[in-house]
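Inspection log for the structure reproduced underneath, given as structure tokens.
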Amino acid sequence: MAARMNRSRGTALIGSVVVALALSACGESSAEAEGEGSGSTGACAPEDVTLVGQVRNQTNPYEAAWLEGGDAFAESVGLEQQKLTYDGDSQQQQEQIRQVLASGDASCTVINALPNGDSDTTPIVNAADGADAWLVTQWNKPADLDPTAYDRWVAHLTYDGVESGYQIAKALFEEMGGSGGVIALQGILDTAAAQDRFLGLQKALEEYPDITLLDDQTADFDRATALEVTRTLLTQHGEEVGGIWAANDDMALGAVQALEAAGVDGVAVAGIDAVPEALEAIADGSMTATVSSDGPWQGAVGLAMGYCAATGELDVASIDAEDRAFFAEQFLITEDNVGEFSDPQLDMSEFDCDSLFSRATGPIAAS
Amino acid sequence: MTETAVETTGPRDDDGPAPGAGRRSRRDLALLFMPGAVLVLLLLALSTRNPDLLSPDSLLAIADSAAPLMVLAIGVTVVILCGGIDLSIAALAALSSVLFALWIPLFGAAAAVPVIAVAALAGAVQGLVHVKAKVNSFIVTLGGLALWSGIALVISGARTVPVTDVDAIRWAFTTVAGLPSAVLIALGAVVVLGAVLRLTPAGRWVRAVGHAEQAARLAGIPVGAVKVAAFTTSGACAGLAGVLLVARTFSGAPSLGATLLLPAVAAVVVGGTAITGGFGGIGRTVIGALIVIVLRVGLSLIGVDAGFESIIYGVLIIGAVAVTIDRTKLDVLK
């Protein structure tokens, strides 16, 4: 009997919580704004637009810079950016998107998201489409998911990994005087980024017949692994090594450490990503080149595209199909221009509604 | 005879595990109402920064987000009530998501049934190893975590398996009469499991085993069978959670839901179920899961960096365990 009474107490507890929730909800229900309908142009008053920027975390300098770019754009149109971070947790990313869409007027909400992985883009697109929100995605997307099939998925932008790998390879080979041996540190082999970047290296090798690829090993995009791998390869190939090509800056920095530890001078090192440490290394001469995607621009341009569409200044249906999923321009950073990138400044004129796609270098090739 | 023995040794639903003085009942009262109060306070506090959080749509979205976690957490609650722990749930949910995505082309929506059956079987195997080989449940399920993740990686080719037949998963991620179907499914699981625990001797047995295994054995309770059943239930719940995850992400993946282990355990202990076993219930876990999701979603909505979240989980779990733990069982602290 005692057990039975306790049970009903438990039920009463749950019941009272539900009632409490319902009561607190009632007070707010009138605040729910009416929708602005669907279609490829919005009719939101600029002050009604909600700007949302979502990245993995704010501790990564690149993603922190992305959010700062978003803040700068939001400020330029008199709004505030809502910043979301999900710490690499796909589930949490989805939860945040759904929550943002459920609170407030989704049809005037602009989301500029960095999906955690390719497959995470599908549910984000579906959630935004279902709520008539404006969406821009960057970096990750399944190849068969096409923004042109959606009214309010304004664009997807990413960077051509072949081009990044090619650009740093050329800078590296030039630094080596066009001849000598290089070793390559590959990324995680089953990622598209690692494969594309390595293709870029091979493309450059074809143009420089006097450069020989002594060895390529994976170092998993990881600095510590790169340190070990480089140490081994240096022992193996010794003085033949004139340059080290790394598929990202972290590995390049690991290679720099290995060179310093081995007391080897005069080996050129190049990476990709333009992390602050790599920029310092380029400035002090221990690295030759890296490539920047310009995080602040990414953070701002996604919001700008959505903002222009939501306020009706940009008709999504009229955007060139090639610009709906495009490769954006990336920048080779060497000793000559590293100063400009150490403290990047946004050029706000790039976010005018008619110049949003000025950095598009071409459509993402279907693979 | 056995019945009366159970009545005296076995603790009851929300009672303190040991008979005690008046002080104990005040603690019980606190344990009973605290989780609900925490949930309400949390919502109110977060809504001061973001009033939209309390809109009906937003509350439904919270409930919807909580559904897979809730299903995962009620399963592990049964194991924890038994005095064990199941660390494999998130990995098993990930494996289930891969199986579901792979089997949809063969069975359509009905693929959920074999998936949940396989997950239940996996849970049963862990339970059997725990009981027969007398291996600590912590170790068995830690091994299970590695094993199921490994199998998921192998059968998926370490890749995400997309679901192209969207109609086959729509039932688990749509709205029925204005309510998210996932919430209805989760509540259905809660009701079924709750009914079994309340209307059959199962609930009493589970708590008796968790409270004092030796006494339960002496009282004639089939301790081994109860434990295996608990792990089977936990496995089946992980399977269902995996299915729900596939429905909302349109894909299955070996990493899908792998991050839900800590939140699921947090949901159980924050709800007020003692990690030492014997005390608590799945109703508490429902509240606990809502608290955890409100934290997950609410904190990021008011602009707290996701990196701080683990800190909050850690503090929350340690705090909740410190409040709910049954110290009469702790002869030695390790």
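Every chain in the structure tokens takes a letter, A first, then B, and so on in the order presented; its residues are numbered from 1, and the ligands are numbered from 1 following the presented order.
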Using only C-alpha atoms, which residues sit within 9 Å of Thr148 in chain A once same-chain residues fewer than 4 positions away are excluded, as a PyMOL selection string? chain A and resi 153-155+316-317+321+324-325
Output of the above residues as a PDB file, in the first residue's frame, restricted to N, CA and C atoms:
ATOM      1  N   TRP A 153      17.119  27.921 -49.269  1.00  0.00           N
ATOM      2  CA  TRP A 153      18.506  27.559 -49.016  1.00  0.00           C
ATOM      3  C   TRP A 153      19.308  28.380 -50.030  1.00  0.00           C
ATOM      4  N   VAL A 154      19.737  29.559 -49.578  1.00  0.00           N
ATOM      5  CA  VAL A 154      20.266  30.541 -50.517  1.00  0.00           C
ATOM      6  C   VAL A 154      21.480  29.997 -51.254  1.00  0.00           C
ATOM      7  N   ALA A 155      22.445  29.479 -50.492  1.00  0.00           N
ATOM      8  CA  ALA A 155      23.660  29.001 -51.154  1.00  0.00           C
ATOM      9  C   ALA A 155      24.458  28.085 -50.241  1.00  0.00           C
ATOM     10  N   VAL A 316      16.087  34.752 -54.410  1.00  0.00           N
ATOM     11  CA  VAL A 316      16.913  33.541 -54.457  1.00  0.00           C
ATOM     12  C   VAL A 316      16.756  32.824 -55.796  1.00  0.00           C
ATOM     13  N   ALA A 317      15.526  32.841 -56.334  1.00  0.00           N
ATOM     14  CA  ALA A 317      15.283  32.130 -57.589  1.00  0.00           C
ATOM     15  C   ALA A 317      16.071  32.736 -58.747  1.00  0.00           C
ATOM     16  N   ALA A 321      22.407  29.646 -61.122  1.00  0.00           N
ATOM     17  CA  ALA A 321      22.476  28.301 -60.554  1.00  0.00           C
ATOM     18  C   ALA A 321      23.904  27.935 -60.145  1.00  0.00           C
ATOM     19  N   ARG A 324      24.721  28.969 -56.598  1.00  0.00           N
ATOM     20  CA  ARG A 324      23.998  28.412 -55.450  1.00  0.00           C
ATOM     21  C   ARG A 324      24.853  27.422 -54.681  1.00  0.00           C
ATOM     22  N   ALA A 325      25.808  26.797 -55.366  1.00  0.00           N
ATOM     23  CA  ALA A 325      26.762  25.911 -54.683  1.00  0.00           C
ATOM     24  C   ALA A 325      28.105  26.165 -55.335  1.00  0.00           C
TER      25      ALA A 325
END
Filtered DSSP result for range 221-355 of chain A, state helix (DSSP H, G or I), as a PDB file with C-alpha atoms, in the first residue's frame:
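Dumped to selection.pdb:
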ATOM      1  CA  ARG A 223      50.645  18.031 -35.174  1.00  0.00           C
ATOM      2  CA  ALA A 224      52.129  15.383 -32.891  1.00  0.00           C
ATOM      3  CA  THR A 225      51.773  12.690 -35.536  1.00  0.00           C
ATOM      4  CA  ALA A 226      53.371  14.993 -38.094  1.00  0.00           C
ATOM      5  CA  LEU A 227      56.305  15.557 -35.758  1.00  0.00           C
ATOM      6  CA  GLU A 228      56.950  11.804 -35.537  1.00  0.00           C
ATOM      7  CA  VAL A 229      56.402  11.120 -39.225  1.00  0.00           C
ATOM      8  CA  THR A 230      58.675  13.982 -40.259  1.00  0.00           C
ATOM      9  CA  ARG A 231      61.383  12.845 -37.868  1.00  0.00           C
ATOM     10  CA  THR A 232      61.311   9.384 -39.432  1.00  0.00           C
ATOM     11  CA  LEU A 233      61.282  10.677 -42.996  1.00  0.00           C
ATOM     12  CA  LEU A 234      64.171  13.054 -42.274  1.00  0.00           C
ATOM     13  CA  THR A 235      66.245  10.156 -40.995  1.00  0.00           C
ATOM     14  CA  GLN A 236      65.332   8.118 -44.037  1.00  0.00           C
ATOM     15  CA  HIS A 237      65.916  10.727 -46.748  1.00  0.00           C
ATOM     16  CA  GLY A 238      68.374  13.005 -44.996  1.00  0.00           C
ATOM     17  CA  GLU A 239      69.714  15.870 -47.058  1.00  0.00           C
ATOM     18  CA  GLU A 240      67.626  15.072 -50.111  1.00  0.00           C
ATOM     19  CA  ASP A 249      48.925  23.958 -40.964  1.00  0.00           C
ATOM     20  CA  ASP A 250      48.877  21.810 -37.867  1.00  0.00           C
ATOM     21  CA  MET A 251      50.962  19.166 -39.628  1.00  0.00           C
ATOM     22  CA  ALA A 252      53.175  21.847 -41.162  1.00  0.00           C
ATOM     23  CA  LEU A 253      53.871  23.219 -37.687  1.00  0.00           C
ATOM     24  CA  GLY A 254      54.673  19.690 -36.488  1.00  0.00           C
ATOM     25  CA  ALA A 255      57.134  19.378 -39.365  1.00  0.00           C
ATOM     26  CA  VAL A 256      58.727  22.713 -38.415  1.00  0.00           C
ATOM     27  CA  GLN A 257      59.229  21.370 -34.894  1.00  0.00           C
ATOM     28  CA  ALA A 258      60.807  18.197 -36.236  1.00  0.00           C
ATOM     29  CA  LEU A 259      63.193  20.232 -38.403  1.00  0.00           C
ATOM     30  CA  GLU A 260      64.181  22.383 -35.428  1.00  0.00           C
ATOM     31  CA  ALA A 261      64.685  19.304 -33.256  1.00  0.00           C
ATOM     32  CA  ALA A 262      66.884  17.726 -35.916  1.00  0.00           C
ATOM     33  CA  PRO A 276      47.545  32.252 -36.384  1.00  0.00           C
ATOM     34  CA  GLU A 277      50.622  30.198 -35.444  1.00  0.00           C
ATOM     35  CA  ALA A 278      51.275  29.430 -39.101  1.00  0.00           C
ATOM     36  CA  LEU A 279      51.042  33.133 -39.928  1.00  0.00           C
ATOM     37  CA  GLU A 280      53.645  33.823 -37.239  1.00  0.00           C
ATOM     38  CA  ALA A 281      55.811  31.056 -38.659  1.00  0.00           C
ATOM     39  CA  ILE A 282      55.557  32.578 -42.132  1.00  0.00           C
ATOM     40  CA  ALA A 283      56.406  36.009 -40.742  1.00  0.00           C
ATOM     41  CA  GLY A 295      36.969  33.093 -41.837  1.00  0.00           C
ATOM     42  CA  PRO A 296      35.590  36.570 -41.054  1.00  0.00           C
ATOM     43  CA  TRP A 297      34.334  36.875 -44.628  1.00  0.00           C
ATOM     44  CA  GLN A 298      32.671  33.456 -44.361  1.00  0.00           C
ATOM     45  CA  GLY A 299      30.941  34.466 -41.141  1.00  0.00           C
ATOM     46  CA  ALA A 300      29.685  37.693 -42.652  1.00  0.00           C
ATOM     47  CA  VAL A 301      28.805  36.691 -46.198  1.00  0.00           C
ATOM     48  CA  GLY A 302      26.474  33.854 -45.139  1.00  0.00           C
ATOM     49  CA  LEU A 303      24.457  36.203 -42.975  1.00  0.00           C
ATOM     50  CA  ALA A 304      24.518  38.882 -45.691  1.00  0.00           C
ATOM     51  CA  MET A 305      23.112  36.477 -48.291  1.00  0.00           C
ATOM     52  CA  GLY A 306      20.285  35.430 -45.976  1.00  0.00           C
ATOM     53  CA  TYR A 307      19.647  39.003 -44.878  1.00  0.00           C
ATOM     54  CA  CYS A 308      19.355  40.270 -48.444  1.00  0.00           C
ATOM     55  CA  ALA A 309      16.988  37.419 -49.305  1.00  0.00           C
ATOM     56  CA  ALA A 310      14.849  37.845 -46.179  1.00  0.00           C
ATOM     57  CA  VAL A 316      16.913  33.541 -54.457  1.00  0.00           C
ATOM     58  CA  ALA A 317      15.283  32.130 -57.589  1.00  0.00           C
ATOM     59  CA  SER A 318      17.120  34.685 -59.714  1.00  0.00           C
ATOM     60  CA  ALA A 321      22.476  28.301 -60.554  1.00  0.00           C
ATOM     61  CA  GLU A 322      26.280  28.151 -60.580  1.00  0.00           C
ATOM     62  CA  ASP A 323      26.355  30.476 -57.588  1.00  0.00           C
ATOM     63  CA  ARG A 324      23.998  28.412 -55.450  1.00  0.00           C
ATOM     64  CA  VAL A 338      51.431  37.843 -44.393  1.00  0.00           C
ATOM     65  CA  GLY A 339      51.069  41.254 -42.749  1.00  0.00           C
ATOM     66  CA  GLU A 340      47.661  41.820 -44.358  1.00  0.00           C
ATOM     67  CA  PHE A 341      46.304  38.572 -42.981  1.00  0.00           C
ATOM     68  CA  SER A 342      47.607  38.847 -39.428  1.00  0.00           C
ATOM     69  CA  MET A 348      31.863  45.908 -45.911  1.00  0.00           C
ATOM     70  CA  SER A 349      31.180  46.735 -49.549  1.00  0.00           C
ATOM     71  CA  GLU A 350      31.576  43.000 -50.262  1.00  0.00           C
ATOM     72  CA  PHE A 351      28.331  42.444 -48.384  1.00  0.00           C
TER      73      PHE A 351
END
Calculate how many Å separate CA of Ala246 in chain A from CA of Ile364 in chain A, rounding to one decimal. 23.7 Å
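Using only C-alpha atoms, the residues found no farther than 8 Å from Leu214 in chain A, other than those of its own chain fewer than 3 positions away, are Gly181, Val182, Ile183, His237 and Val241 of chain A.
Residues within 9 Å of Ile287 in chain B, counting only C-alpha atoms and excluding same-chain residues fewer than 4 positions away, are Ile14 and Val17 of chain A; Pro35, Gly36, Leu39, Met70, Ala267, Val268, Val270, Gly271, Ile282, Gly283, Ile291 and Val292 of chain B.
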Based on the backbone DSSP call, show me all residues of range 52-291 of chain B assigned strand (DSSP E), as an MDAnalysis selection string. chainID B and resid 161:162 175:176 179:180 251:252
What's around Met176 in chain A at 8 Å? Count only C-alpha atoms, leave out sequence neighbours fewer than 6 positions away in its own chain, and write the answer as a PDB file with N, CA and C atoms, in the first residue's frame.
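Result file selection.pdb:
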ATOM      1  N   GLY A 242      64.213  18.875 -49.515  1.00  0.00           N
ATOM      2  CA  GLY A 242      64.322  20.320 -49.681  1.00  0.00           C
ATOM      3  C   GLY A 242      63.045  21.031 -49.294  1.00  0.00           C
ATOM      4  N   GLY A 243      61.943  20.284 -49.234  1.00  0.00           N
ATOM      5  CA  GLY A 243      60.672  20.908 -48.904  1.00  0.00           C
ATOM      6  C   GLY A 243      59.700  19.910 -48.289  1.00  0.00           C
ATOM      7  N   ALA A 268      61.990  24.149 -46.840  1.00  0.00           N
ATOM      8  CA  ALA A 268      60.769  24.942 -46.937  1.00  0.00           C
ATOM      9  C   ALA A 268      59.573  24.097 -46.499  1.00  0.00           C
TER      10      ALA A 268
END
What does the distance from CA of Gln91 in chain A to CA of Thr259 in chain B come to in Å, to one decimal? 8.0 Å
Within 9 Å of chain A, which residues belong to chain B? Use only C-alpha atoms and report them as number ranges by chain. B: 11-15, 32-33, 36-37, 39-40, 43-44, 51-62, 64-66, 160-162, 198, 245, 248-251, 253, 256-257, 259-260, 283-284, 286-287, 293, 296-298, 300-307
Nearest-residue call for Glu335 in chain A, choices A:Thr41, A:Ser293, A:Ser358, A:Ser286, using only C-alpha atoms: A:Ser286
What separation in Å, quoted to one decimal, exists between CA of Val321 in chain B and CA of Gly242 in chain B? 27.1 Å
Neighbour list for Cys237 in chain B as a compact mmCIF listing (two decimals) with C-alpha atoms, in the first residue's frame, cut-off 8 Å, only C-alpha atoms, skip fewer than 5 positions in-chain:
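The resulting file, around-v8.txt, is reproduced below:
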# COMPACT_ATOMS: atom_id res chain seq x y z
CA VAL B 71 14.45 6.68 -24.57
CA LEU B 72 18.15 6.00 -24.07
CA ILE B 74 14.96 5.20 -19.33
CA GLY B 75 16.67 2.02 -20.52
CA ILE B 116 15.38 -3.14 -31.84
CA ALA B 120 17.91 -6.10 -27.24
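The closest residue to Leu179 in chain B, picked from B:Val154, B:Ala195, B:Asp165, B:Ala63 and counting only C-alpha atoms, is B:Ala63.
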